[in-house]
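File shown: upload23.txt. Contents: compact mmCIF, C-alpha atoms.
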```txt
# COMPACT_ATOMS: atom_id res chain seq x y z
CA MET A 1485 -32.98 7.70 22.95
CA LYS A 1486 -32.19 6.90 19.30
CA LYS A 1487 -30.16 9.48 17.34
CA ASP A 1488 -31.31 9.90 13.74
CA TYR A 1489 -29.13 10.91 10.75
CA ASP A 1490 -29.31 10.85 6.98
CA VAL A 1491 -25.85 9.29 6.73
CA LEU A 1492 -23.79 7.37 9.27
CA ILE A 1493 -20.14 6.63 8.50
CA ILE A 1494 -18.34 3.92 10.44
CA GLY A 1495 -14.66 4.80 10.64
CA GLY A 1496 -12.89 8.06 11.40
CA GLY A 1497 -10.04 7.57 8.95
CA ALA A 1498 -9.14 9.01 5.57
CA ALA A 1499 -12.00 7.38 3.65
CA GLY A 1500 -14.60 8.23 6.30
CA PHE A 1501 -13.71 11.92 6.50
CA PHE A 1502 -13.40 12.32 2.73
CA THR A 1503 -16.82 10.73 2.20
CA ALA A 1504 -18.49 12.88 4.86
CA ILE A 1505 -17.01 16.17 3.64
CA ASN A 1506 -17.88 15.53 -0.02
CA ALA A 1507 -21.40 14.35 0.81
CA VAL A 1508 -22.28 17.56 2.68
CA GLU A 1509 -20.48 19.77 0.15
CA ASN A 1510 -22.67 18.22 -2.55
CA ASN A 1511 -25.86 18.38 -0.47
CA ASN A 1512 -25.79 20.64 2.59
CA SER A 1513 -29.17 19.40 3.80
CA LEU A 1514 -27.67 16.04 4.81
CA ARG A 1515 -27.21 15.26 8.49
CA VAL A 1516 -24.00 13.27 8.70
CA ALA A 1517 -22.08 11.70 11.58
CA ILE A 1518 -18.76 9.84 11.69
CA LEU A 1519 -18.49 7.08 14.31
CA GLU A 1520 -14.93 6.29 15.41
CA ARG A 1521 -14.19 3.46 17.84
CA GLY A 1522 -10.95 5.02 19.18
CA LYS A 1523 -10.19 8.14 21.19
CA GLU A 1524 -8.66 9.87 18.14
CA VAL A 1525 -9.48 10.14 14.48
CA LEU A 1526 -7.19 9.96 11.42
CA THR A 1527 -4.49 8.03 13.30
CA LYS A 1528 -3.26 6.24 10.17
CA VAL A 1529 -3.05 9.53 8.29
CA LYS A 1530 -0.88 10.87 11.12
CA VAL A 1531 1.81 8.17 10.86
CA SER A 1532 1.69 7.57 7.10
CA GLY A 1533 4.74 8.49 5.05
CA GLY A 1534 6.86 8.74 8.18
CA GLY A 1535 4.58 11.48 9.54
CA ARG A 1536 4.43 13.38 6.23
CA CYS A 1537 1.35 11.65 4.70
CA ASN A 1538 1.88 10.22 1.23
CA VAL A 1539 -1.41 11.70 -0.07
CA THR A 1540 -1.32 10.21 -3.58
CA HIS A 1541 1.06 9.28 -6.38
CA ALA A 1542 1.90 11.25 -9.54
CA GLU A 1543 0.31 8.85 -12.02
CA PHE A 1544 -2.24 10.60 -14.23
CA ILE A 1545 -3.44 7.88 -16.63
CA PRO A 1546 -6.27 5.75 -15.14
CA LYS A 1547 -5.14 2.45 -16.70
CA GLU A 1548 -1.54 2.91 -15.53
CA LEU A 1549 -2.73 3.95 -12.08
CA THR A 1550 -4.75 0.73 -11.72
CA GLU A 1551 -1.61 -1.35 -12.35
CA ASN A 1552 -0.43 -0.48 -8.84
CA TYR A 1553 -3.28 -2.44 -7.22
CA PRO A 1554 -2.69 -6.21 -6.80
CA ARG A 1555 -6.34 -6.47 -5.74
CA GLY A 1556 -8.76 -3.98 -7.31
CA GLU A 1557 -6.97 -3.31 -10.61
CA LYS A 1558 -9.96 -4.14 -12.83
CA GLU A 1559 -12.62 -2.67 -10.54
CA LEU A 1560 -10.92 0.73 -10.09
CA LEU A 1561 -10.53 1.56 -13.78
CA GLY A 1562 -14.01 3.06 -14.12
CA PRO A 1563 -13.89 4.98 -10.83
CA PHE A 1564 -10.48 6.46 -11.72
CA HIS A 1565 -11.99 7.92 -14.89
CA THR A 1566 -14.30 9.90 -12.58
CA PHE A 1567 -11.94 10.87 -9.75
CA MET A 1568 -8.20 10.25 -9.56
CA THR A 1569 -4.85 11.90 -8.92
CA GLY A 1570 -5.42 15.25 -10.63
CA ASP A 1571 -8.80 15.59 -8.93
CA THR A 1572 -7.20 14.81 -5.56
CA ILE A 1573 -4.58 17.53 -6.10
CA GLY A 1574 -7.31 20.02 -7.09
CA TRP A 1575 -9.50 19.07 -4.13
CA PHE A 1576 -6.75 19.73 -1.60
CA GLU A 1577 -5.62 22.92 -3.35
CA GLU A 1578 -9.18 24.29 -3.09
CA LYS A 1579 -8.90 23.71 0.66
CA GLY A 1580 -5.58 25.59 0.81
CA VAL A 1581 -3.37 22.49 0.95
CA GLY A 1582 -0.69 22.43 -1.74
CA LEU A 1583 0.88 19.09 -2.68
CA LYS A 1584 4.37 18.46 -4.10
CA ILE A 1585 5.81 15.61 -6.17
CA GLU A 1586 8.99 13.85 -5.08
CA ASP A 1587 11.47 12.18 -7.46
CA ASP A 1588 9.91 8.75 -6.97
CA GLY A 1589 6.41 10.06 -7.77
CA ARG A 1590 5.09 10.13 -4.20
CA MET A 1591 3.09 13.23 -3.33
CA PHE A 1592 3.13 14.96 0.05
CA PRO A 1593 1.72 18.20 1.46
CA GLU A 1594 4.13 21.08 0.87
CA THR A 1595 4.45 21.40 4.63
CA ASP A 1596 5.89 17.86 4.87
CA SER A 1597 3.50 17.27 7.76
CA SER A 1598 0.54 14.90 7.99
CA GLN A 1599 -0.96 17.31 10.52
CA THR A 1600 -1.77 19.60 7.57
CA ILE A 1601 -4.10 16.94 6.14
CA ILE A 1602 -5.61 16.22 9.55
CA ASP A 1603 -6.23 19.95 10.18
CA CYS A 1604 -7.82 20.27 6.74
CA PHE A 1605 -10.25 17.42 7.41
CA THR A 1606 -11.18 18.43 10.95
CA SER A 1607 -11.73 22.09 10.03
CA GLU A 1608 -13.92 21.06 7.06
CA THR A 1609 -16.09 18.78 9.21
CA GLU A 1610 -16.55 21.64 11.70
CA ARG A 1611 -17.37 24.10 8.93
CA LEU A 1612 -19.94 21.76 7.40
CA GLY A 1613 -21.56 20.71 10.68
CA ILE A 1614 -20.54 17.05 10.42
CA GLU A 1615 -20.58 15.36 13.81
CA VAL A 1616 -17.44 13.39 14.71
CA LEU A 1617 -18.17 10.98 17.56
CA THR A 1618 -15.18 9.20 19.10
CA ASN A 1619 -15.20 6.20 21.49
CA HIS A 1620 -18.17 4.77 19.58
CA SER A 1621 -17.34 1.14 18.89
CA VAL A 1622 -20.09 -0.39 16.74
CA LYS A 1623 -21.61 -3.50 18.35
CA GLU A 1624 -24.56 -4.27 16.06
CA ILE A 1625 -25.79 -3.32 12.58
CA HIS A 1626 -29.40 -3.98 11.57
CA LYS A 1627 -31.23 -3.36 8.32
CA THR A 1628 -34.60 -1.68 8.89
CA GLU A 1629 -37.55 -0.76 6.71
CA HIS A 1630 -36.29 2.81 6.32
CA GLY A 1631 -32.52 2.24 6.43
CA TRP A 1632 -30.18 1.20 9.19
CA GLU A 1633 -29.97 0.93 12.95
CA LEU A 1634 -26.61 0.84 14.75
CA THR A 1635 -25.81 0.11 18.35
CA THR A 1636 -22.48 1.43 19.59
CA SER A 1637 -20.78 1.25 22.97
CA GLU A 1638 -22.38 4.62 23.77
CA ALA A 1639 -25.73 4.97 21.98
CA ILE A 1640 -28.23 3.74 19.38
CA PHE A 1641 -28.36 5.41 15.96
CA SER A 1642 -30.52 5.22 12.88
CA SER A 1643 -29.77 6.44 9.37
CA ARG A 1644 -31.09 6.28 5.81
CA LYS A 1645 -27.63 5.52 4.38
CA LEU A 1646 -24.72 3.66 5.93
CA VAL A 1647 -21.08 3.95 4.83
CA ILE A 1648 -18.51 1.43 6.02
CA ALA A 1649 -15.05 3.05 6.04
CA SER A 1650 -13.63 1.07 8.93
CA GLY A 1651 -10.48 -0.24 7.23
CA SER A 1652 -9.25 -3.69 8.17
CA ASN A 1653 -11.53 -4.15 11.16
CA PRO A 1654 -12.32 -7.85 11.80
CA LYS A 1655 -15.34 -7.04 14.02
CA VAL A 1656 -16.99 -4.95 11.31
CA TRP A 1657 -16.19 -7.61 8.70
CA LYS A 1658 -18.00 -10.16 10.91
CA MET A 1659 -21.06 -7.91 11.04
CA LEU A 1660 -20.97 -7.57 7.26
CA GLU A 1661 -20.79 -11.36 6.94
CA ALA A 1662 -23.90 -11.57 9.11
CA LEU A 1663 -25.58 -9.24 6.60
CA GLY A 1664 -24.76 -11.66 3.79
CA HIS A 1665 -21.50 -10.23 2.44
CA THR A 1666 -18.49 -12.42 1.64
CA ILE A 1667 -15.20 -11.43 3.29
CA GLU A 1668 -11.89 -12.43 1.73
CA SER A 1669 -9.79 -13.48 4.73
CA PRO A 1670 -7.11 -10.89 5.55
CA VAL A 1671 -3.39 -11.43 5.07
CA PRO A 1672 -0.61 -8.83 5.46
CA SER A 1673 0.53 -6.86 2.43
CA LEU A 1674 3.43 -4.39 2.20
CA PHE A 1675 6.10 -5.99 4.35
CA THR A 1676 9.87 -6.37 4.24
CA PHE A 1677 11.76 -9.67 4.03
CA ASN A 1678 13.67 -11.05 7.01
CA ILE A 1679 16.95 -12.49 5.72
CA LYS A 1680 20.00 -13.60 7.71
CA ASP A 1681 22.85 -13.99 5.25
CA ASP A 1682 26.57 -13.23 5.52
CA ARG A 1683 26.47 -11.43 2.17
CA ILE A 1684 24.30 -8.64 3.57
CA THR A 1685 24.86 -8.77 7.37
CA ASP A 1686 27.29 -5.83 7.37
CA LEU A 1687 25.52 -3.78 4.68
CA PRO A 1688 22.53 -2.01 6.34
CA GLY A 1689 21.75 1.19 4.47
CA VAL A 1690 23.13 0.04 1.12
CA ALA A 1691 20.64 0.67 -1.68
CA THR A 1692 20.88 -0.24 -5.37
CA PRO A 1693 18.62 -1.18 -8.30
CA ALA A 1694 17.84 -4.90 -8.47
CA PHE A 1695 15.63 -7.45 -10.18
CA VAL A 1696 14.17 -9.82 -7.57
CA THR A 1697 12.39 -13.11 -8.24
CA VAL A 1698 10.48 -15.31 -5.79
CA ILE A 1699 11.27 -18.95 -6.62
CA ASP A 1700 9.98 -22.28 -5.37
CA ASN A 1701 12.15 -25.22 -4.25
CA ASN A 1702 12.50 -26.37 -7.86
CA GLY A 1703 13.72 -22.95 -9.01
CA LYS A 1704 10.43 -22.11 -10.74
CA HIS A 1705 9.78 -18.37 -10.98
CA LEU A 1706 6.63 -17.38 -9.07
CA LEU A 1707 6.82 -13.58 -8.91
CA GLU A 1708 9.27 -10.93 -10.05
CA SER A 1709 9.86 -7.24 -9.46
CA GLU A 1710 12.38 -4.58 -10.44
CA GLY A 1711 13.33 -1.40 -8.60
CA PRO A 1712 15.49 -0.03 -5.79
CA LEU A 1713 16.44 -2.60 -3.13
CA LEU A 1714 17.43 -1.48 0.37
CA ILE A 1715 19.48 -3.70 2.67
CA THR A 1716 18.37 -3.33 6.30
CA HIS A 1717 19.39 -4.68 9.70
CA TRP A 1718 16.77 -7.41 9.37
CA GLY A 1719 17.06 -8.21 5.65
CA MET A 1720 15.75 -6.47 2.54
CA SER A 1721 13.27 -3.69 1.86
CA GLY A 1722 12.77 -0.95 -0.73
CA PRO A 1723 10.29 -0.70 -3.62
CA SER A 1724 11.36 -3.92 -5.37
CA ILE A 1725 10.71 -5.95 -2.19
CA LEU A 1726 7.52 -4.11 -1.19
CA LYS A 1727 6.04 -4.70 -4.65
CA LEU A 1728 6.70 -8.43 -4.28
CA SER A 1729 5.09 -8.43 -0.84
CA ALA A 1730 1.96 -6.75 -2.20
CA TRP A 1731 1.56 -8.85 -5.34
CA GLY A 1732 2.50 -11.99 -3.43
CA ALA A 1733 0.44 -11.31 -0.30
CA ARG A 1734 -1.73 -14.42 -0.72
CA LEU A 1735 0.92 -16.57 -2.35
CA LEU A 1736 3.50 -16.07 0.43
CA ALA A 1737 1.20 -16.39 3.46
CA PRO A 1738 0.69 -20.22 3.45
CA SER A 1739 4.44 -20.83 3.86
CA ASP A 1740 4.49 -18.52 6.91
CA TYR A 1741 6.82 -16.30 4.86
CA HIS A 1742 9.58 -18.88 4.44
CA PHE A 1743 10.67 -18.95 0.80
CA LYS A 1744 13.61 -18.19 -1.52
CA ILE A 1745 14.39 -15.20 -3.67
CA LYS A 1746 16.86 -14.78 -6.51
CA VAL A 1747 18.51 -11.36 -6.67
CA ASN A 1748 20.01 -9.89 -9.82
CA TRP A 1749 22.09 -6.90 -8.70
CA LEU A 1750 22.68 -5.87 -12.34
CA PRO A 1751 19.23 -5.95 -13.93
CA ASN A 1752 20.32 -4.33 -17.18
CA VAL A 1753 23.31 -6.61 -17.92
CA SER A 1754 23.18 -10.26 -19.03
CA GLU A 1755 25.24 -12.98 -17.35
CA GLU A 1756 27.18 -13.47 -20.61
CA GLU A 1757 28.09 -9.77 -20.72
CA ILE A 1758 29.19 -9.87 -17.09
CA ILE A 1759 31.47 -12.88 -17.68
CA LYS A 1760 32.93 -11.14 -20.74
CA ASN A 1761 33.52 -7.93 -18.72
CA LEU A 1762 35.12 -9.85 -15.84
CA LYS A 1763 37.48 -11.62 -18.25
CA GLU A 1764 38.43 -8.24 -19.73
CA LEU A 1765 39.14 -6.95 -16.20
CA LYS A 1766 41.40 -9.95 -15.63
CA THR A 1767 43.30 -9.15 -18.84
CA ASN A 1768 43.40 -5.34 -18.68
CA ASN A 1769 43.83 -4.85 -14.92
CA ALA A 1770 45.98 -7.87 -14.13
CA LYS A 1771 47.96 -6.13 -11.37
CA GLN A 1772 44.93 -4.59 -9.63
CA PHE A 1773 43.21 -6.14 -6.63
CA PRO A 1774 39.49 -6.78 -7.36
CA HIS A 1775 38.62 -5.58 -3.83
CA THR A 1776 40.10 -2.11 -4.50
CA TYR A 1777 37.66 -0.83 -7.12
CA SER A 1778 33.95 -1.60 -7.38
CA GLN A 1779 32.72 -2.59 -10.84
CA PHE A 1780 29.37 -2.18 -12.67
CA GLU A 1781 28.63 0.92 -10.55
CA LEU A 1782 27.71 -1.27 -7.60
CA PRO A 1783 28.04 0.14 -4.07
CA LYS A 1784 31.61 -0.71 -3.01
CA ARG A 1785 30.62 -2.58 0.17
CA LEU A 1786 28.18 -4.75 -1.77
CA TRP A 1787 30.79 -5.47 -4.47
CA GLN A 1788 33.33 -6.53 -1.85
CA SER A 1789 30.80 -8.73 -0.08
CA LEU A 1790 29.88 -10.50 -3.33
CA LEU A 1791 33.59 -11.02 -4.11
CA LYS A 1792 34.00 -12.71 -0.74
CA ALA A 1793 30.90 -14.86 -1.33
CA ALA A 1794 32.32 -15.95 -4.69
CA GLY A 1795 35.57 -17.06 -3.04
CA PHE A 1796 37.85 -14.09 -3.91
CA ARG A 1797 40.61 -13.42 -1.37
CA GLU A 1798 41.62 -9.84 -0.58
CA ASP A 1799 45.26 -10.55 -1.44
CA GLN A 1800 44.43 -11.83 -4.94
CA LYS A 1801 45.03 -9.74 -8.06
CA TRP A 1802 42.90 -10.02 -11.18
CA ALA A 1803 45.76 -11.99 -12.77
CA ASP A 1804 45.34 -14.66 -10.07
CA ILE A 1805 41.62 -15.17 -10.71
CA GLY A 1806 40.67 -18.34 -12.56
CA HIS A 1807 37.61 -18.94 -14.71
CA PRO A 1808 35.69 -20.91 -12.02
CA LEU A 1809 35.86 -17.87 -9.68
CA ILE A 1810 34.73 -15.57 -12.51
CA ASP A 1811 31.74 -17.85 -13.18
CA GLU A 1812 30.89 -17.93 -9.48
CA LEU A 1813 31.10 -14.12 -9.20
CA ALA A 1814 28.81 -13.76 -12.23
CA LYS A 1815 26.27 -16.02 -10.47
CA GLN A 1816 26.48 -13.93 -7.27
CA LEU A 1817 25.92 -10.78 -9.33
CA VAL A 1818 22.90 -11.92 -11.33
CA ALA A 1819 21.43 -14.96 -9.56
CA GLY A 1820 22.23 -14.89 -5.84
CA ILE A 1821 19.81 -17.08 -3.88
CA PHE A 1822 18.66 -15.82 -0.47
CA ASP A 1823 16.45 -17.59 2.10
CA VAL A 1824 13.60 -15.46 3.47
CA ASN A 1825 12.61 -16.42 7.00
CA GLY A 1826 9.66 -14.25 7.94
CA LYS A 1827 8.51 -10.68 7.44
CA SER A 1828 8.54 -7.31 9.17
CA THR A 1829 5.92 -4.58 8.96
CA PHE A 1830 6.95 -1.75 6.64
CA LYS A 1831 7.29 1.21 9.04
CA GLU A 1832 3.85 2.04 10.45
CA GLU A 1833 2.10 1.60 7.10
CA PHE A 1834 0.56 -1.80 7.80
CA VAL A 1835 -1.68 -2.75 4.91
CA THR A 1836 -3.96 -5.77 4.67
CA ALA A 1837 -5.03 -7.74 1.62
CA GLY A 1838 -8.59 -8.89 2.27
CA GLY A 1839 -12.04 -7.51 2.88
CA VAL A 1840 -15.42 -7.30 1.19
CA GLU A 1841 -15.60 -9.45 -1.96
CA LEU A 1842 -15.42 -7.05 -4.93
CA LYS A 1843 -18.11 -8.82 -6.98
CA GLU A 1844 -20.62 -7.77 -4.31
CA VAL A 1845 -20.02 -4.05 -4.92
CA ASN A 1846 -21.29 -1.73 -7.67
CA PHE A 1847 -18.18 0.29 -8.54
CA LYS A 1848 -20.13 3.11 -10.18
CA THR A 1849 -21.29 4.12 -6.70
CA PHE A 1850 -19.41 1.77 -4.32
CA GLU A 1851 -22.84 0.61 -3.10
CA SER A 1852 -23.46 -2.95 -1.93
CA ARG A 1853 -25.12 -5.18 -4.52
CA ILE A 1854 -26.77 -7.05 -1.63
CA HIS A 1855 -28.25 -4.13 0.37
CA LYS A 1856 -29.38 -0.81 -1.04
CA GLY A 1857 -28.19 2.13 1.03
CA LEU A 1858 -25.02 0.35 2.18
CA TYR A 1859 -21.71 1.74 0.82
CA PHE A 1860 -18.01 0.96 1.20
CA ALA A 1861 -14.91 3.15 1.00
CA GLY A 1862 -11.23 2.42 1.57
CA GLU A 1863 -9.54 -0.71 2.88
CA VAL A 1864 -12.74 -2.36 4.14
CA LEU A 1865 -12.88 -3.63 0.54
CA ASN A 1866 -10.54 -6.31 -0.79
CA ILE A 1867 -8.41 -3.61 -2.44
CA ASP A 1868 -4.81 -2.79 -1.64
CA ALA A 1869 -1.84 -1.21 -3.38
CA ILE A 1870 1.93 -1.33 -3.57
CA THR A 1871 2.55 1.84 -1.53
CA GLY A 1872 0.64 4.07 0.86
CA GLY A 1873 -0.10 6.85 -1.65
CA PHE A 1874 -2.01 4.46 -3.93
CA ASN A 1875 -4.00 3.15 -0.94
CA PHE A 1876 -4.99 6.71 -0.06
CA GLN A 1877 -6.02 7.35 -3.69
CA ASN A 1878 -8.38 4.38 -3.44
CA ALA A 1879 -9.86 5.97 -0.29
CA TRP A 1880 -10.30 9.37 -1.98
CA THR A 1881 -11.85 7.90 -5.13
CA GLY A 1882 -14.22 5.58 -3.26
CA GLY A 1883 -15.20 8.29 -0.79
CA PHE A 1884 -15.89 10.78 -3.57
CA LEU A 1885 -18.12 8.38 -5.52
CA VAL A 1886 -20.01 7.26 -2.40
CA ALA A 1887 -20.60 10.91 -1.45
CA LYS A 1888 -21.78 11.77 -4.97
CA ALA A 1889 -24.22 8.84 -5.04
CA ILE A 1890 -25.68 9.72 -1.62
CA ALA A 1891 -25.88 13.46 -2.29
CA GLU A 1892 -27.59 12.94 -5.66
CA ALA A 1893 -30.11 10.36 -4.41
CA SER A 1894 -33.72 11.41 -4.77
CA PRO A 1895 -35.52 12.57 -1.58
CA LEU A 1896 -37.46 9.28 -1.64
CA GLU A 1897 -34.24 7.24 -1.85
CA ARG A 1898 -32.77 9.26 1.00
CA GLY A 1899 -35.83 8.62 3.09
CA ASP A 1900 -36.94 12.30 3.26
```

Full structure transcribed into structure tokens:
Amino acid sequence: MKKDYDVLIIGGGAAGFFTAINAVENNNSLRVAILERGKEVLTKVKVSGGGRCNVTHAEFIPKELTENYPRGEKELLGPFHTFMTGDTIGWFEEKGVGLKIEDDGRMFPETDSSQTIIDCFTSETERLGIEVLTNHSVKEIHKTEHGWELTTSEAIFSSRKLVIASGSNPKVWKMLEALGHTIESPVPSLFTFNIKDDRITDLPGVATPAFVTVIDNNGKHLLESEGPLLITHWGMSGPSILKLSAWGARLLAPSDYHFKIKVNWLPNVSEEEIIKNLKELKTNNAKQFPHTYSQFELPKRLWQSLLKAAGFREDQKWADIGHPLIDELAKQLVAGIFDVNGKSTFKEEFVTAGGVELKEVNFKTFESRIHKGLYFAGEVLNIDAITGGFNFQNAWTGGFLVAKAIAEASPLERGD
């Protein structure tokens, strides 16, 4: 027997739950169900932010917020004027969930637990009578005269409105292609760089500001990024690297993630200044050993490693250092070349660049331009960001606008 609803939402993640809750809050006559293919809902919320859930980011100007989206920057400007960070904070506070801002701008629940967000969503769906149906993998989607018909692994459903909030799900993308939508092929975004290099092998855990540039074989600059860089057991991570991985998601994929980067460990000092300072050290600290004291406020282990790479011996004093070694050290400090040989997923926060072509979506409502009554929210769209909090903000904004459009539709549009 077919089960009939006003709104069906495919995907029991952040975007799906946020859409469902806001739709019924805005119009409590709506019958809404969330269809989740897995045994559990909100699994990505659970692991995000190391189990703390990076809910959003403390950026309160729409234009500046959009600059954190390699794909979706232009399209999200209008939506962010309707619902963005401050609205997200207010929404959760109304539900009894306080958020806090960390030094780097990331925002987490005050409890430091993603379970707080999960509990908030599940209790709201119960309160509002929203059905959450797990183990319902969608097999077929059909457009009908009055809306939509879905076949899942467990049942057949019909609805007036259909919301796709299934994230990076290749099977759902294929169904959307069959309905006439264009899908930008997915490639990973947000990943760390695998680098085997003697200069960093013994430095896991060292973190410092850096300016990093992706270069081609001819030394041409392709991408650049500035921010904290973290040396890891497998190479390099941290915001400066993750930003490059997001902005370069499509550029770096064809080479199978084999490319070169140039690292400037002293982003605020020119090479000329560094050479001048090193010559002054040679003159003023002639009897000191360069290995003894780190310079330029660099972490000591990194400084010593770069000295070694430049050819400095531990038993040499500054007085013994010639100009060729000083020039080589300056190069290591501001223009060290590293070979990247592959990528690693950034913690559990795997993000994909790819999804529904943005030209096929009306961003006032997040409704399909091809099929009326079909909406998208979250990562099913070809939108992604440089960290998890911005990706969640895209889910909240899209979900809110989809819910508003559905709740405000006339009875005739809803199919009443």

Between CA of Lys1744 (chain A) and CA of Phe1822 (chain A), what distance in Å does the model show, to one decimal?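 We find that CA of Lys1744 (chain A) and CA of Phe1822 (chain A) lie 5.7 Å from each other.
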
From A:Glu1798, A:Asp1588, A:Asp1596, A:Asp1686, residue lying nearest Pro1712 (chain A) [only C-alpha atoms]: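 The closest residue to Pro1712 (chain A) is A:Asp1588.
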
May I have the residues within 9 Å of Met1485 (chain A) as a short mmCIF file (atom, residue, chain, number, x, y, z; two decimals) with C-alpha atoms, keeping the file's coordinate frame, using all atoms listed in the file and disregarding those fewer than 5 positions away in the same chain?
```
data_model
loop_
_atom_site.label_atom_id
_atom_site.label_comp_id
_atom_site.auth_asym_id
_atom_site.auth_seq_id
_atom_site.Cartn_x
_atom_site.Cartn_y
_atom_site.Cartn_z
CA ALA A 1639 -25.73 4.97 21.98
CA ILE A 1640 -28.23 3.74 19.38
CA PHE A 1641 -28.36 5.41 15.96
#
```

Smallest atom-to-atom distance to Met1720 (chain A): which of A:Tyr1489, A:Phe1675, A:Phe1592, A:Phe1502, using all atoms listed in the file?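 Among A:Tyr1489, A:Phe1675, A:Phe1592, A:Phe1502, it is A:Phe1675 that comes nearest to Met1720 (chain A).
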
Considering all atoms listed in the file, give me a table of residues in region 1563-1624 of chain A that are at most 7 Å from region 1871-1887 of chain A, with the closest atom pair and distance in Å for each, as CSV.
```
residue,atom,partner,partner_atom,distance
A:Pro1563,CA,A:Thr1881,CA,6.7
A:Phe1564,CA,A:Thr1881,CA,6.9
A:Phe1567,CA,A:Thr1881,CA,5.5
A:Met1568,CA,A:Thr1881,CA,6.2
A:Arg1590,CA,A:Gly1873,CA,6.6
```

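Between CA of Ile1679 (chain A) and CA of Thr1829 (chain A) there is a distance of 14.0 Å.
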
Go through A:Ser1513, A:Thr1776, A:Asn1825, A:Ser1729 and flag the residue nearest Pro1554 (chain A), using only C-alpha atoms for the distances. A:Ser1729

Contacts of Glu1509 (chain A) at 12 Å (all atoms listed in the file; same-chain gap of 4+ positions) as a PyMOL selection string: chain A and resi 1502-1505+1513-1516+1575+1608-1609+1611-1614+1884+1887-1888+1890-1892

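Between Glu1781 (chain A) and the residues A:Pro1693, A:Gly1711, A:Gly1580, A:Gly1495, the shortest atom-to-atom distance, using all atoms listed in the file, involves A:Pro1693.
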
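Around region 1755-1769 of chain A, within 10 Å and counting all atoms listed in the file, the residues found are Asn1748, Leu1750, Pro1751, Asn1752, Val1753, Lys1771, Gln1772, Phe1773, Pro1774, Gln1779, Phe1780, Lys1801, Trp1802, Ala1803, Asp1804, Ile1805, Gly1806, His1807, Ile1810, Asp1811, Glu1812, Leu1813, Ala1814, Lys1815, Leu1817, Val1818 and Ala1819 of chain A, once anything fewer than 2 positions away on its own chain is removed.
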
Applying 8 Å and only C-alpha atoms, which residues near region 1623-1635 of chain A remain after dropping the ones on its own chain fewer than 2 positions away? List them as a list in words.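 Those residues are Ser1621, Ser1637, Glu1638, Ala1639, Ile1640, Phe1641, Ser1642, Ser1643, Arg1644, Lys1645, Leu1646, Met1659, Gly1857 and Gly1899 of chain A.
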
Calculated over only C-alpha atoms, which of the candidates A:Ile1684, A:Ala1770, A:Leu1842, A:Val1508 has the smallest distance to Leu1786 (chain A)?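 Distance minimum relative to Leu1786 (chain A) lands on A:Ile1684.
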
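Neighbours of Lys1579 (chain A) closer than or equal to 10 Å, with all atoms listed in the file counted and sequence neighbours fewer than 5 positions away skipped, come out as Gly1574, Ile1601, Cys1604, Phe1605, Ser1607 and Glu1608 of chain A.
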
Neighbour residues at most 9 Å from (-5.5, -12.2, -0.4) (only C-alpha atoms) as a ChimeraX atom specification: /A:1555,1668-1673,1732-1735,1737,1836-1839,1866

Which residues, protein or nucleic acid, reach to within 12 Å of (-3.3, 3.4, -15.7) in the file's coordinates when using all atoms listed in the file, and can you give that as a JSON list (two decimals) with C-alpha atoms, in the coordinates of the input?
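That gives us out_18.json:
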```
[["chain", "number", "residue", "atom", "x", "y", "z"],
["A", 1541, "HIS", "CA", 1.06, 9.28, -6.38],
["A", 1542, "ALA", "CA", 1.90, 11.25, -9.54],
["A", 1543, "GLU", "CA", 0.31, 8.85, -12.02],
["A", 1544, "PHE", "CA", -2.24, 10.60, -14.23],
["A", 1545, "ILE", "CA", -3.44, 7.88, -16.63],
["A", 1546, "PRO", "CA", -6.27, 5.75, -15.14],
["A", 1547, "LYS", "CA", -5.14, 2.45, -16.70],
["A", 1548, "GLU", "CA", -1.54, 2.91, -15.53],
["A", 1549, "LEU", "CA", -2.73, 3.95, -12.08],
["A", 1550, "THR", "CA", -4.75, 0.73, -11.72],
["A", 1551, "GLU", "CA", -1.61, -1.35, -12.35],
["A", 1552, "ASN", "CA", -0.43, -0.48, -8.84],
["A", 1553, "TYR", "CA", -3.28, -2.44, -7.22],
["A", 1557, "GLU", "CA", -6.97, -3.31, -10.61],
["A", 1558, "LYS", "CA", -9.96, -4.14, -12.83],
["A", 1560, "LEU", "CA", -10.92, 0.73, -10.09],
["A", 1561, "LEU", "CA", -10.53, 1.56, -13.78],
["A", 1562, "GLY", "CA", -14.01, 3.06, -14.12],
["A", 1563, "PRO", "CA", -13.89, 4.98, -10.83],
["A", 1564, "PHE", "CA", -10.48, 6.46, -11.72],
["A", 1565, "HIS", "CA", -11.99, 7.92, -14.89],
["A", 1568, "MET", "CA", -8.20, 10.25, -9.56],
["A", 1569, "THR", "CA", -4.85, 11.90, -8.92],
["A", 1874, "PHE", "CA", -2.01, 4.46, -3.93]]
```

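When CA of Pro1783 (chain A) is paired with CA of Gly1589 (chain A), their separation reads 24.1 Å.
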